[in-house]
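Novice: Sending over a structure as structure tokens; questions will come in a sec.
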Amino acid sequence: MLLKITSKRQVTFPKEVMDKLHLQSGDVIELQDTGEGYVLKPKRFDASLLAPLRNKVNMTLPAPNMDAIRHAARDIKLRD
């Protein structure tokens with residue numbers, strides 16, 4: 001997939017990429033240098049902000065389904 005960079009160093013991602021990564025306007029993308037190239041990842045939250053919860057989370061619970069949570073957050077029926 002080829003993307004064009006504008007004179008303002010902006011790139012437009014195809015809708016299919018935005019949908020697959022669950023990205024919306026204003027979201028932040030992290031660019032990681034792997035040594036062999038770059039990887040783009042959606043930046044969802046700062047994990048260091050969770051440190052105060054470290055000893056309060058029940059680790060026996062199953063991992064949450066983050067994809068289902070992201071879809072639910074965008075469900076228009078659940079908004080005010």
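How things are named: the first chain in the structure tokens is A, the next is B, and so on; residues count from 1 in each chain; ligands count from 1 in the order shown.
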Range 53-67 of chain A: which residues within 12 Å, counting only C-alpha atoms, same-chain residues fewer than 4 positions away excluded, as a list in words?

Specialist: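 Everything that qualifies: Asp19, Lys20, Leu21, His22, Arg44, Ala47, Ser48, Leu49, His71, Ala72, Ala73 and Arg74 of chain A.
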
Novice: Hey, can you spit out that residue selection with N, CA and C atoms as a PDB file, in the first residue's frame?

Specialist:
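Result file out_0.pdb:
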```
ATOM      1  N   ASP A  19     -10.410   1.723   9.857  1.00  0.00           N
ATOM      2  CA  ASP A  19     -11.405   0.816  10.445  1.00  0.00           C
ATOM      3  C   ASP A  19     -10.733  -0.359  11.152  1.00  0.00           C
ATOM      4  N   LYS A  20      -9.732  -0.940  10.515  1.00  0.00           N
ATOM      5  CA  LYS A  20      -9.065  -2.104  11.100  1.00  0.00           C
ATOM      6  C   LYS A  20      -8.360  -1.762  12.411  1.00  0.00           C
ATOM      7  N   LEU A  21      -7.774  -0.553  12.475  1.00  0.00           N
ATOM      8  CA  LEU A  21      -7.067  -0.126  13.690  1.00  0.00           C
ATOM      9  C   LEU A  21      -7.980   0.612  14.669  1.00  0.00           C
ATOM     10  N   HIS A  22      -9.258   0.755  14.301  1.00  0.00           N
ATOM     11  CA  HIS A  22     -10.242   1.455  15.142  1.00  0.00           C
ATOM     12  C   HIS A  22      -9.762   2.878  15.448  1.00  0.00           C
ATOM     13  N   ARG A  44      -3.028   3.931  22.701  1.00  0.00           N
ATOM     14  CA  ARG A  44      -4.318   3.936  23.398  1.00  0.00           C
ATOM     15  C   ARG A  44      -4.265   4.658  24.740  1.00  0.00           C
ATOM     16  N   ALA A  47       0.602   3.547  29.865  1.00  0.00           N
ATOM     17  CA  ALA A  47       0.573   2.448  30.842  1.00  0.00           C
ATOM     18  C   ALA A  47       1.126   2.867  32.198  1.00  0.00           C
ATOM     19  N   SER A  48       2.004   3.858  32.242  1.00  0.00           N
ATOM     20  CA  SER A  48       2.560   4.295  33.524  1.00  0.00           C
ATOM     21  C   SER A  48       1.488   4.899  34.424  1.00  0.00           C
ATOM     22  N   LEU A  49       0.389   5.362  33.841  1.00  0.00           N
ATOM     23  CA  LEU A  49      -0.707   5.920  34.645  1.00  0.00           C
ATOM     24  C   LEU A  49      -1.446   4.837  35.417  1.00  0.00           C
ATOM     25  N   HIS A  71     -15.245  -1.560  20.236  1.00  0.00           N
ATOM     26  CA  HIS A  71     -16.469  -1.510  19.441  1.00  0.00           C
ATOM     27  C   HIS A  71     -17.629  -0.968  20.266  1.00  0.00           C
ATOM     28  N   ALA A  72     -17.728  -1.364  21.518  1.00  0.00           N
ATOM     29  CA  ALA A  72     -18.807  -0.890  22.385  1.00  0.00           C
ATOM     30  C   ALA A  72     -18.694   0.611  22.622  1.00  0.00           C
ATOM     31  N   ALA A  73     -17.468   1.109  22.721  1.00  0.00           N
ATOM     32  CA  ALA A  73     -17.268   2.540  22.958  1.00  0.00           C
ATOM     33  C   ALA A  73     -17.755   3.371  21.779  1.00  0.00           C
ATOM     34  N   ARG A  74     -17.807   2.777  20.612  1.00  0.00           N
ATOM     35  CA  ARG A  74     -18.247   3.502  19.424  1.00  0.00           C
ATOM     36  C   ARG A  74     -19.723   3.245  19.084  1.00  0.00           C
TER      37      ARG A  74
END
```

Novice: Based on DSSP run over this structure's backbone, return all residues of chain A in strand (DSSP E), as a PyMOL selection string.

Specialist: chain A and resi 28-33+38-43

Novice: Please run DSSP on the backbone and report, as JSON, numbers by chain, all residues within chain A that come out as alpha helix (DSSP H).

Specialist: {"A": [15, 16, 17, 18, 19, 20, 66, 67, 68, 69, 70, 71, 72, 73]}
